[in-house]
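Asker: Contents of structure.csv (CSV, C-alpha atoms):
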```csv
chain,number,residue,atom,x,y,z
A,3,MET,CA,18.9,69.7,51.3
A,4,ILE,CA,17.6,73.2,51.8
A,5,LYS,CA,18.7,74.2,55.3
A,6,ASN,CA,18.1,77.2,57.5
A,7,GLY,CA,16.2,79.0,54.8
A,8,HIS,CA,19.0,78.7,52.2
A,9,TYR,CA,20.7,76.1,50.1
A,10,ALA,CA,23.4,74.6,52.3
A,11,ASN,CA,23.9,71.0,51.4
A,12,GLU,CA,26.1,69.6,54.1
A,13,ASP,CA,26.2,65.8,54.3
A,14,GLN,CA,24.1,65.1,57.4
A,15,SER,CA,24.6,61.4,57.3
A,16,GLY,CA,28.3,61.4,57.9
A,17,GLU,CA,30.5,62.6,60.7
A,18,ALA,CA,29.5,65.7,62.6
A,19,GLY,CA,31.9,68.6,62.4
A,20,CYS,CA,33.4,67.5,59.1
A,21,SER,CA,32.5,69.0,55.7
A,22,LEU,CA,33.7,65.9,53.9
A,23,PRO,CA,33.8,62.9,56.1
A,24,GLY,CA,36.9,60.7,55.6
A,25,THR,CA,39.0,63.4,54.0
A,26,SER,CA,42.1,65.1,55.5
A,27,ALA,CA,39.9,68.1,56.3
A,28,CYS,CA,38.5,66.2,59.3
A,29,SER,CA,40.9,66.4,62.2
A,30,PRO,CA,40.7,63.5,64.8
A,31,GLU,CA,39.3,65.9,67.3
A,32,LYS,CA,36.4,66.8,65.1
A,33,ARG,CA,35.5,63.2,64.1
A,34,LYS,CA,32.6,62.1,66.2
A,35,ARG,CA,29.5,60.0,65.7
A,36,VAL,CA,26.4,61.8,64.4
A,37,VAL,CA,23.7,62.1,67.1
A,38,ARG,CA,20.4,61.3,65.6
A,39,LEU,CA,17.2,62.5,67.4
A,40,TRP,CA,13.6,61.6,67.1
A,41,CYS,CA,10.5,63.8,67.6
A,42,ASP,CA,6.9,62.8,67.0
A,43,GLY,CA,3.5,64.3,67.2
A,44,CYS,CA,0.2,65.3,65.5
A,45,TYR,CA,1.6,68.6,64.2
A,46,ASP,CA,-2.0,69.7,63.5
A,47,MET,CA,-2.3,73.4,62.8
A,48,VAL,CA,1.5,73.8,62.9
A,49,HIS,CA,2.6,77.0,64.7
A,50,TYR,CA,5.8,78.6,65.9
A,51,GLY,CA,5.5,76.6,69.2
A,52,HIS,CA,5.9,73.4,67.2
A,53,SER,CA,8.8,75.0,65.2
A,54,ASN,CA,10.5,76.1,68.4
A,55,GLN,CA,10.3,72.5,69.8
A,56,LEU,CA,11.9,71.1,66.7
A,57,ARG,CA,14.6,73.9,66.8
A,58,GLN,CA,15.5,73.0,70.4
A,59,ALA,CA,15.5,69.3,69.5
A,60,LYS,CA,17.9,69.8,66.5
A,61,SER,CA,20.2,71.8,68.8
A,62,MET,CA,20.7,68.6,70.9
A,63,GLY,CA,22.1,66.6,68.1
A,64,ASP,CA,23.0,66.6,64.4
A,65,TYR,CA,20.2,64.9,62.5
A,66,LEU,CA,16.5,65.3,63.3
A,67,ILE,CA,13.8,62.8,62.3
A,68,VAL,CA,10.2,63.7,62.9
A,69,GLY,CA,7.4,61.2,63.0
A,70,VAL,CA,3.9,62.4,62.1
A,71,HIS,CA,0.8,60.5,63.1
A,72,THR,CA,-2.0,59.5,60.8
A,73,ASP,CA,-5.5,61.0,60.9
A,74,ALA,CA,-6.8,57.6,62.2
A,75,GLU,CA,-4.4,57.5,65.1
A,76,ILE,CA,-5.1,61.1,66.1
A,77,SER,CA,-8.9,60.6,65.9
A,78,LYS,CA,-8.6,57.5,68.1
A,79,HIS,CA,-6.5,59.1,70.8
A,80,LYS,CA,-7.5,62.8,70.7
A,81,GLY,CA,-10.3,63.5,68.2
A,82,PRO,CA,-10.4,64.7,64.6
A,83,PRO,CA,-7.5,66.8,63.3
A,84,VAL,CA,-8.0,70.1,61.5
A,85,PHE,CA,-5.6,69.2,58.7
A,86,THR,CA,-5.3,66.0,56.8
A,87,GLN,CA,-2.2,63.8,57.2
A,88,GLU,CA,-0.9,64.8,53.8
A,89,GLU,CA,-1.2,68.5,54.7
A,90,ARG,CA,0.6,67.8,58.0
A,91,TYR,CA,3.4,65.8,56.4
A,92,LYS,CA,4.1,68.7,54.0
A,93,MET,CA,4.0,71.3,56.8
A,94,VAL,CA,6.5,69.5,58.9
A,95,ARG,CA,8.8,69.0,55.9
A,96,ALA,CA,8.9,72.7,55.4
A,97,ILE,CA,10.3,73.5,58.9
A,98,LYS,CA,14.0,74.2,58.4
A,99,TRP,CA,15.3,72.2,61.3
A,100,VAL,CA,13.8,69.0,60.1
A,101,ASP,CA,16.1,66.6,58.2
A,102,GLU,CA,13.7,63.8,57.6
A,103,ILE,CA,10.1,62.9,58.3
A,104,VAL,CA,8.4,59.5,58.9
A,105,GLU,CA,4.8,59.3,57.7
A,106,GLY,CA,2.3,57.4,59.8
A,107,ALA,CA,4.5,57.2,62.9
A,108,PRO,CA,2.9,55.2,65.8
A,109,TYR,CA,1.2,57.3,68.5
A,110,VAL,CA,3.1,55.6,71.3
A,111,THR,CA,6.8,56.0,71.1
A,112,THR,CA,8.7,52.8,71.6
A,113,LEU,CA,12.4,51.7,71.7
A,114,GLU,CA,11.6,49.7,68.6
A,115,THR,CA,10.9,52.9,66.7
A,116,LEU,CA,14.0,54.6,67.9
A,117,ASP,CA,16.1,51.6,67.0
A,118,LYS,CA,14.4,51.2,63.6
A,119,TYR,CA,15.5,54.8,62.6
A,120,ASN,CA,18.9,54.6,64.4
A,121,CYS,CA,17.9,57.4,66.8
A,122,ASP,CA,19.8,57.9,70.1
A,123,SER,CA,17.0,59.7,71.9
A,124,CYS,CA,13.5,61.0,71.7
A,125,VAL,CA,12.9,64.7,72.4
A,126,HIS,CA,9.6,66.1,73.6
A,127,GLY,CA,8.3,69.3,75.3
A,128,ASP,CA,7.8,69.6,79.0
A,129,ASP,CA,4.1,68.9,78.7
A,130,ILE,CA,2.5,65.4,78.7
A,131,THR,CA,1.0,63.4,75.8
A,132,LEU,CA,-1.5,60.7,76.7
A,133,THR,CA,-3.1,57.7,74.9
A,134,VAL,CA,-6.9,57.2,74.7
A,135,ASP,CA,-6.7,55.3,78.1
A,136,GLY,CA,-4.6,58.0,79.8
A,137,LYS,CA,-1.1,56.5,79.6
A,138,ASP,CA,2.0,58.5,79.0
A,139,THR,CA,3.0,57.8,75.3
A,140,TYR,CA,6.7,58.2,76.2
A,141,ALA,CA,6.8,55.9,79.3
A,142,GLU,CA,8.9,53.2,77.6
A,143,VAL,CA,11.7,55.5,76.3
A,144,LYS,CA,11.7,57.4,79.6
A,145,SER,CA,12.3,54.3,81.6
A,146,ALA,CA,15.1,53.3,79.2
A,147,GLY,CA,16.9,56.6,79.6
A,148,ARG,CA,16.5,57.6,76.0
A,149,TYR,CA,14.2,60.6,76.5
A,150,ARG,CA,15.2,64.2,76.4
A,151,GLU,CA,13.1,67.3,77.2
A,152,CYS,CA,12.8,70.8,75.8
A,153,LYS,CA,10.9,73.8,77.0
A,154,ARG,CA,7.3,74.3,75.8
A,155,THR,CA,6.8,77.7,74.1
A,156,GLN,CA,4.7,80.0,76.2
A,157,GLY,CA,1.9,82.0,74.8
A,158,VAL,CA,0.7,79.7,72.0
A,159,SER,CA,-1.2,76.4,71.6
A,160,THR,CA,-3.5,74.9,69.0
A,161,THR,CA,-6.3,75.2,71.6
A,162,ASP,CA,-5.7,78.9,71.9
A,163,LEU,CA,-5.6,79.5,68.1
A,164,VAL,CA,-8.9,77.6,67.7
A,165,GLY,CA,-10.4,79.9,70.3
A,166,ARG,CA,-9.2,83.0,68.5
A,167,MET,CA,-10.7,81.8,65.3
A,168,LEU,CA,-14.1,81.2,66.9
A,169,LEU,CA,-14.1,84.6,68.7
A,170,MET,CA,-14.9,87.2,66.0
A,171,THR,CA,-13.4,90.2,67.7
A,172,LYS,CA,-9.9,91.8,67.6
A,173,ALA,CA,-9.3,91.3,71.3
A,174,HIS,CA,-6.4,89.0,70.8
A,175,HIS,CA,-4.4,91.7,69.0
A,176,SER,CA,-4.1,94.0,72.1
A,177,ASN,CA,-6.1,93.2,75.2
A,178,MET,CA,-6.2,89.7,76.5
A,179,GLU,CA,-8.1,91.0,79.6
A,180,ASN,CA,-11.2,91.5,77.3
A,181,THR,CA,-14.2,89.9,79.0
A,182,ASP,CA,-15.4,88.2,75.8
A,183,TYR,CA,-12.0,86.8,75.1
A,184,GLN,CA,-11.5,85.4,78.6
A,185,LEU,CA,-15.0,83.9,78.6
A,186,HIS,CA,-14.2,82.2,75.3
A,187,THR,CA,-10.8,80.9,76.3
A,188,ASP,CA,-12.4,79.4,79.4
A,189,ASN,CA,-14.1,76.9,77.1
A,190,PHE,CA,-10.7,76.0,75.6
A,191,GLY,CA,-8.5,75.1,78.5
A,192,LYS,CA,-8.4,77.9,81.0
A,193,GLY,CA,-11.7,77.8,82.9
A,194,ALA,CA,-12.3,78.1,86.7
A,195,THR,CA,-12.7,74.3,87.1
A,196,VAL,CA,-9.7,73.1,85.0
A,197,HIS,CA,-6.1,73.9,85.9
A,198,SER,CA,-4.0,71.6,83.7
A,199,PRO,CA,-0.4,72.9,83.7
A,200,TRP,CA,0.0,71.7,80.1
A,201,THR,CA,-2.9,73.5,78.4
A,202,GLY,CA,-4.0,77.1,78.7
A,203,VAL,CA,-3.7,80.5,77.2
A,204,SER,CA,-1.0,82.9,78.2
A,205,GLN,CA,0.4,86.0,76.5
A,206,PHE,CA,3.2,85.6,74.0
A,207,LEU,CA,6.2,87.9,74.7
A,208,GLN,CA,8.5,88.5,71.7
A,209,THR,CA,12.2,88.9,72.4
A,210,SER,CA,15.1,89.8,70.2
A,211,GLN,CA,16.8,86.5,71.3
A,212,LYS,CA,13.9,84.5,70.0
A,213,ILE,CA,14.1,86.2,66.6
A,214,ILE,CA,17.8,85.5,66.4
A,215,GLN,CA,17.2,81.9,67.2
A,216,PHE,CA,14.8,81.5,64.4
A,217,ALA,CA,16.6,83.7,61.8
A,218,SER,CA,19.1,82.2,59.3
A,219,GLY,CA,21.5,85.0,59.7
A,220,LYS,CA,22.6,84.7,56.1
A,221,GLU,CA,23.2,87.6,53.8
A,222,PRO,CA,22.5,87.5,50.1
A,223,GLN,CA,25.6,86.2,48.2
A,224,PRO,CA,26.8,87.2,44.7
A,225,GLY,CA,24.8,85.3,42.2
A,226,ASP,CA,21.7,85.1,44.3
A,227,THR,CA,18.4,86.1,42.9
A,228,ILE,CA,16.6,88.3,45.5
A,229,ILE,CA,12.9,87.6,45.4
A,230,TYR,CA,10.4,89.7,47.4
A,231,VAL,CA,6.9,88.7,48.5
A,232,ALA,CA,4.6,90.4,50.9
A,233,GLY,CA,1.4,89.7,52.8
A,234,ALA,CA,-0.2,88.7,56.1
A,235,PHE,CA,0.9,85.1,56.2
A,236,ASP,CA,-1.6,84.6,59.0
A,237,LEU,CA,-1.9,81.2,60.6
A,238,PHE,CA,1.0,80.1,58.5
A,239,HIS,CA,-0.4,77.1,56.6
A,240,ILE,CA,0.1,74.6,53.8
A,241,GLY,CA,-1.2,77.2,51.2
A,242,HIS,CA,1.6,79.5,52.2
A,243,VAL,CA,4.2,76.7,52.1
A,244,ASP,CA,3.2,75.7,48.6
A,245,PHE,CA,3.4,79.3,47.4
A,246,LEU,CA,6.8,80.0,49.0
A,247,GLU,CA,8.2,76.7,47.6
A,248,MET,CA,7.1,77.8,44.2
A,249,VAL,CA,8.6,81.2,44.7
A,250,TYR,CA,11.9,79.6,45.8
A,251,LYS,CA,12.0,77.6,42.6
A,252,GLN,CA,11.8,80.7,40.4
A,253,ALA,CA,15.6,80.9,40.5
A,254,GLU,CA,18.6,78.6,40.8
A,255,ARG,CA,19.9,80.5,43.8
A,256,ALA,CA,16.9,82.2,45.3
A,257,TYR,CA,17.1,84.5,48.3
A,258,VAL,CA,13.5,84.9,49.4
A,259,ILE,CA,12.5,88.0,51.5
A,260,VAL,CA,9.0,88.0,53.0
A,261,GLY,CA,7.5,91.4,53.9
A,262,LEU,CA,5.0,91.1,56.8
A,263,HIS,CA,2.3,93.7,57.2
A,264,PHE,CA,1.5,95.2,60.6
A,265,ASP,CA,-1.7,94.0,62.3
A,266,GLN,CA,-3.6,97.2,61.6
A,267,GLU,CA,-2.7,97.0,57.9
A,268,VAL,CA,-3.9,93.4,57.7
A,269,ASN,CA,-7.1,94.2,59.4
A,270,ARG,CA,-7.7,97.2,57.0
A,271,TYR,CA,-7.7,94.9,54.0
A,272,LYS,CA,-9.0,91.7,55.5
A,273,GLY,CA,-11.4,92.9,58.1
A,274,LYS,CA,-13.2,90.7,60.7
A,275,ASN,CA,-10.9,89.6,63.4
A,276,TYR,CA,-7.9,89.2,61.2
A,277,PRO,CA,-5.0,88.7,61.7
A,278,ILE,CA,-5.5,85.7,64.0
A,279,MET,CA,-1.8,85.9,64.9
A,280,ASN,CA,-0.1,89.2,65.7
A,281,ILE,CA,3.0,90.5,63.9
A,282,HIS,CA,5.4,88.9,66.4
A,283,GLU,CA,3.9,85.5,66.1
A,284,ARG,CA,3.7,85.7,62.3
A,285,THR,CA,7.4,86.7,62.1
A,286,LEU,CA,8.5,83.5,63.9
A,287,SER,CA,6.1,81.3,61.8
A,288,VAL,CA,7.5,82.6,58.5
A,289,LEU,CA,11.2,82.5,59.7
A,290,ALA,CA,10.8,78.8,60.5
A,291,CYS,CA,10.1,78.0,56.9
A,292,ARG,CA,13.0,76.6,55.0
A,293,TYR,CA,12.2,78.5,51.8
A,294,VAL,CA,12.5,81.9,53.5
A,295,SER,CA,15.9,83.7,53.9
A,296,GLU,CA,14.7,87.0,55.5
A,297,VAL,CA,11.7,88.7,56.9
A,298,VAL,CA,10.8,92.4,56.9
A,299,ILE,CA,8.7,93.1,60.0
A,300,GLY,CA,6.1,95.7,59.3
A,301,ALA,CA,6.7,96.0,55.6
A,302,PRO,CA,5.0,98.9,53.8
A,303,TYR,CA,1.9,97.9,51.9
A,304,ALA,CA,3.0,99.5,48.7
A,305,VAL,CA,6.1,97.8,47.2
A,306,GLY,CA,7.9,101.0,46.2
A,307,LYS,CA,11.1,102.3,44.8
A,308,ASP,CA,12.9,102.6,48.2
A,309,LEU,CA,12.2,99.1,49.2
A,310,LEU,CA,13.2,97.6,45.9
A,311,ASP,CA,16.4,99.6,45.7
A,312,HIS,CA,17.3,99.0,49.4
A,313,PHE,CA,17.1,95.2,49.1
A,314,LYS,CA,18.3,95.1,45.5
A,315,VAL,CA,15.2,93.1,44.5
A,316,ASP,CA,15.4,91.2,41.2
A,317,LEU,CA,11.8,89.8,41.3
A,318,VAL,CA,8.5,90.5,43.1
A,319,CYS,CA,6.0,87.7,43.3
A,320,HIS,CA,2.4,87.5,44.4
A,321,GLY,CA,0.0,84.5,44.4
A,322,LYS,CA,-3.4,84.1,42.7
A,323,THR,CA,-5.2,85.8,45.7
A,324,GLU,CA,-6.8,89.2,45.2
A,325,VAL,CA,-4.5,92.3,45.4
A,326,PHE,CA,-6.2,94.9,47.5
A,327,PRO,CA,-5.5,98.5,46.6
A,328,ASP,CA,-3.5,100.8,48.9
A,329,LYS,CA,-5.3,103.4,51.1
A,330,ASP,CA,-5.1,105.9,48.2
A,331,GLY,CA,-6.6,103.3,45.8
A,332,VAL,CA,-3.3,102.7,44.0
A,333,ASP,CA,-2.0,99.3,43.0
A,334,PRO,CA,0.6,98.3,45.6
A,335,TYR,CA,2.6,96.5,42.9
A,336,ALA,CA,2.7,99.4,40.5
A,337,GLU,CA,6.4,100.0,40.7
A,338,PRO,CA,7.5,96.3,40.2
A,339,ARG,CA,5.1,96.1,37.3
A,340,ARG,CA,6.7,99.3,35.8
A,341,ARG,CA,10.1,97.8,36.1
A,342,GLY,CA,9.0,94.5,34.6
A,343,ILE,CA,10.0,92.4,37.6
A,344,PHE,CA,6.5,91.4,38.8
A,345,ARG,CA,5.4,87.8,38.5
A,346,THR,CA,2.1,86.1,39.5
A,347,ILE,CA,2.7,82.6,40.9
A,348,ASP,CA,0.2,79.8,40.7
A,349,SER,CA,1.1,77.3,43.5
A,350,GLY,CA,-1.7,75.0,42.6
A,351,ASN,CA,-3.1,75.4,46.2
A,352,SER,CA,-6.0,77.7,46.7
A,353,LEU,CA,-6.2,77.2,50.5
A,354,THR,CA,-6.6,80.5,52.5
A,355,THR,CA,-6.6,81.5,56.1
A,356,ASP,CA,-10.3,82.1,55.8
A,357,ASP,CA,-10.8,78.5,54.6
A,358,ILE,CA,-9.1,77.2,57.8
A,359,VAL,CA,-11.4,79.4,59.9
A,360,GLN,CA,-14.4,77.9,58.1
A,361,ARG,CA,-13.1,74.4,58.9
A,362,ILE,CA,-12.9,75.2,62.5
A,363,ILE,CA,-16.4,76.9,62.7
A,364,ALA,CA,-18.0,74.0,60.8
A,365,ASN,CA,-16.6,71.5,63.4
A,366,ARG,CA,-16.8,73.7,66.4
A,367,LEU,CA,-18.6,71.2,68.7
A,368,GLN,CA,-16.1,68.4,67.8
A,369,TYR,CA,-13.1,70.5,68.6
A,370,GLU,CA,-14.6,71.8,71.9
A,371,ALA,CA,-15.3,68.2,72.9
A,372,ARG,CA,-11.8,67.1,71.9
A,373,ASN,CA,-10.2,69.8,74.0
A,374,GLN,CA,-12.4,69.1,77.0
A,375,LYS,CA,-11.5,65.4,76.8
A,376,LYS,CA,-7.8,66.3,76.6
A,377,GLU,CA,-8.2,68.5,79.7
A,378,ALA,CA,-9.9,65.7,81.7
A,379,LYS,CA,-7.1,63.2,80.9
A,380,GLU,CA,-4.4,65.7,81.7
A,381,MET,CA,-6.0,66.6,85.0
A,382,ALA,CA,-6.4,63.0,86.1
A,383,VAL,CA,-2.7,62.4,85.5
A,384,PHE,CA,-1.7,65.7,87.2
A,385,GLU,CA,-3.8,64.9,90.3
A,386,ALA,CA,-2.2,61.4,90.4
A,387,MET,CA,1.3,62.9,90.2
A,388,LYS,CA,0.4,65.3,93.0
A,389,ARG,CA,-0.9,62.4,95.2
A,390,ARG,CA,2.3,60.4,94.6
A,391,GLU,CA,4.5,63.4,95.4
A,392,HIS,CA,2.5,63.9,98.6
A,393,GLN,CA,2.8,60.3,99.6
A,394,GLN,CA,6.5,60.3,98.9
A,395,GLN,CA,6.9,63.5,101.1
A,396,GLN,CA,5.0,61.8,103.9
A,397,GLN,CA,7.1,58.7,103.7
A,398,GLU,CA,10.3,60.7,103.8
A,399,ALA,CA,9.1,62.6,106.8
A,400,GLN,CA,8.3,59.4,108.6
A,401,GLU,CA,11.7,58.0,107.8
A,402,ASP,CA,13.4,61.1,109.1
A,403,GLU,CA,11.4,60.9,112.3
A,404,THR,CA,12.4,57.3,112.8
A,405,VAL,CA,16.1,58.1,112.3
A,406,ALA,CA,15.7,61.0,114.8
A,407,HIS,CA,14.4,58.6,117.4
```
Render the structure in this file as structure tokens.

Answerer:
Amino acid sequence: MIKNGHYANEDQSGEAGCSLPGTSACSPEKRKRVVRLWCDGCYDMVHYGHSNQLRQAKSMGDYLIVGVHTDAEISKHKGPPVFTQEERYKMVRAIKWVDEIVEGAPYVTTLETLDKYNCDSCVHGDDITLTVDGKDTYAEVKSAGRYRECKRTQGVSTTDLVGRMLLMTKAHHSNMENTDYQLHTDNFGKGATVHSPWTGVSQFLQTSQKIIQFASGKEPQPGDTIIYVAGAFDLFHIGHVDFLEMVYKQAERAYVIVGLHFDQEVNRYKGKNYPIMNIHERTLSVLACRYVSEVVIGAPYAVGKDLLDHFKVDLVCHGKTEVFPDKDGVDPYAEPRRRGIFRTIDSGNSLTTDDIVQRIIANRLQYEARNQKKEAKEMAVFEAMKRREHQQQQQEAQEDETVAH
């Protein structure tokens, strides 16, 4: 199994802490039962928030199984997904902390499901997931004590990303106080009349710790083939995954370095409101991919001599998409071509970020209705929770008063 962006192949099904279970290399202290964990979800428009949830879940045990719902299940409980189930299955498989996926997982998580896949616990973020009739999908595993929680990643949500795509300005790059941006996000979970604690738009703040958590931390080893690719990798999607998987397969021991262009550079050659995600968000999205070993943040547009020599690059790859000239009109891949190390990769997937934006725009009313419906369900549950808490406080106060008398 490819793990943490490289080709480690530890046996995840044996005993944790032992490279070869059952051999003398395993001391009694290190022999312990493997902790198997379960996560599930729609994983529609997979972003670094999803990846961070799975990273946190994996850190709670040894083997992570992720259940992904079908299109029919999502449509029934939430509304139509942006990506098909086949696209979503492949996206989740590409996240480096995932050991196994279950296709067509049930929308409501039950003890039967955990037992079927020999999972100790289910892990979910500290938000809430509701069925079509407003019930907590994790109620059964919570009551059985087999539910664990991780922190929701602030500053990103599918709702927010859809809003950015529909708003054709560059406000999301720098100024979230922009009136147009605020007006638009009000329609997607942060309006004056809705205050769900689980949906909304907040600013993402990158930290060095977060990059360290996502990075593999592995240096190239003797015998590795160092492959360099560059681009925007905006709204990291299945087209990117198919490309990077094909790049990874170009060598027996591939060490793939992805150069990410700064926001201003991406906007220069793509225009409109691109990139949808800023450089910090794109960095985490790419680092979460199992085919990627390293990321260059703010890579130069021209792949020149200094970059190739510094990273000791053996091969430079680019997909079938158009290569835009540099500011001076020069081919950015002129040097790799001159060295004979440039290769065009056909991944067989022509999906682009622009295609995704067009999907959203074409189904705008459906997605707006879906998000409003989600908000209404969440608010009903939130208000009920507040009422129960208030009643409990009143009851405790009355009991204290009785004891005092």

Asker: So which one's closest to A:Asn275, A:Val359, A:Ala107, A:Ile67, A:Met47? Using all atoms listed in the file, please.

Answerer: A:Val359

Asker: Which residues are near A:Val332? Cut-off 12 Å, only C-alpha atoms, ignore same chain within fewer than 4 positions. Put them as a PyMOL selection string.

Answerer: chain A and resi 303-306+325-328+336-337

Asker: Would you place a box with edges along x, y and z of the file around all atoms of stretch 149-152 of chain A listed there, add 8 Å to each of its six sides, and report the centre and edge lengths in Å to one decimal, as JSON?

Answerer:
```
{"center_x": 14.0, "center_y": 65.7, "center_z": 76.5, "size_x": 18.4, "size_y": 26.2, "size_z": 17.4}
```

Asker: Which residue, A:Phe238, A:Tyr335, A:Phe245, A:Tyr257, has the smallest gap to A:Gln223 when you use only C-alpha atoms?

Answerer: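 Among the listed residues, the smallest separation from A:Gln223 belongs to A:Tyr257.
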
Asker: Taking all atoms listed in the file into account, name the residue in A:Arg389, A:Val84, A:Ala59, A:Leu207 that is nearest to A:Ile363.

Answerer: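 Going through A:Arg389, A:Val84, A:Ala59, A:Leu207 one by one, the smallest distance to A:Ile363 is for A:Val84.
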
Asker: By how many Å are atom CA of A:Ser210 and atom CA of A:His282 apart?

Answerer: 10.5 Å

Asker: Interatomic distance between atom CA of A:Ser352 and atom CA of A:Ala96?

Answerer: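 Distance reported for this atom pair: 18.0 Å.
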
Asker: Taking 6 positions as the minimum chain separation for residues in the same chain, which residues sit within 12 Å of A:Leu289 when counting all atoms listed in the file? Answer as JSON, numbers by chain.

Answerer: {"A": [6, 7, 8, 49, 50, 53, 54, 57, 96, 97, 98, 99, 212, 213, 214, 215, 216, 217, 218, 219, 235, 238, 243, 246, 258, 259, 260, 261, 262, 282, 283, 295, 296, 297, 298, 299]}

Asker: In Å, how far is it from atom CA of A:Tyr109 to atom CA of A:Thr72?

Answerer: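 Going from atom CA of A:Tyr109 over to atom CA of A:Thr72, I get 8.6 Å.
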
Asker: Check the smallest atom-to-atom distance from each of A:Ala141, A:Ile358, A:Cys41, A:Leu237 to A:Val104 using all atoms listed in the file, then report the winner.

Answerer: A:Cys41

Asker: Please identify all polymer residues lying at most 12 Å from the point (16.8, 86.3, 43.6) (file coordinates), using all atoms listed in the file, and present the result as a PyMOL selection string.

Answerer: chain A and resi 8+222-231+249-259+294-295+313-319+343

Asker: Residues near A:Glu89, anyone? I mean within 9 Å using all atoms listed in the file, not counting same-chain ones fewer than 6 positions away, as a list in words.

Answerer: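 Answer for this query is Asp46, His239 and Ile240 of chain A.
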
Asker: Tell me, as a list in words, which residues lie within 10 Å of A:Tyr149, counting all atoms listed in the file; anything in the same chain fewer than 2 positions away does not count.

Answerer: Leu39, Trp40, Asp122, Ser123, Cys124, Val125, His126, Tyr140, Ala141, Glu142, Val143, Lys144, Ser145, Ala146, Gly147 and Glu151 of chain A
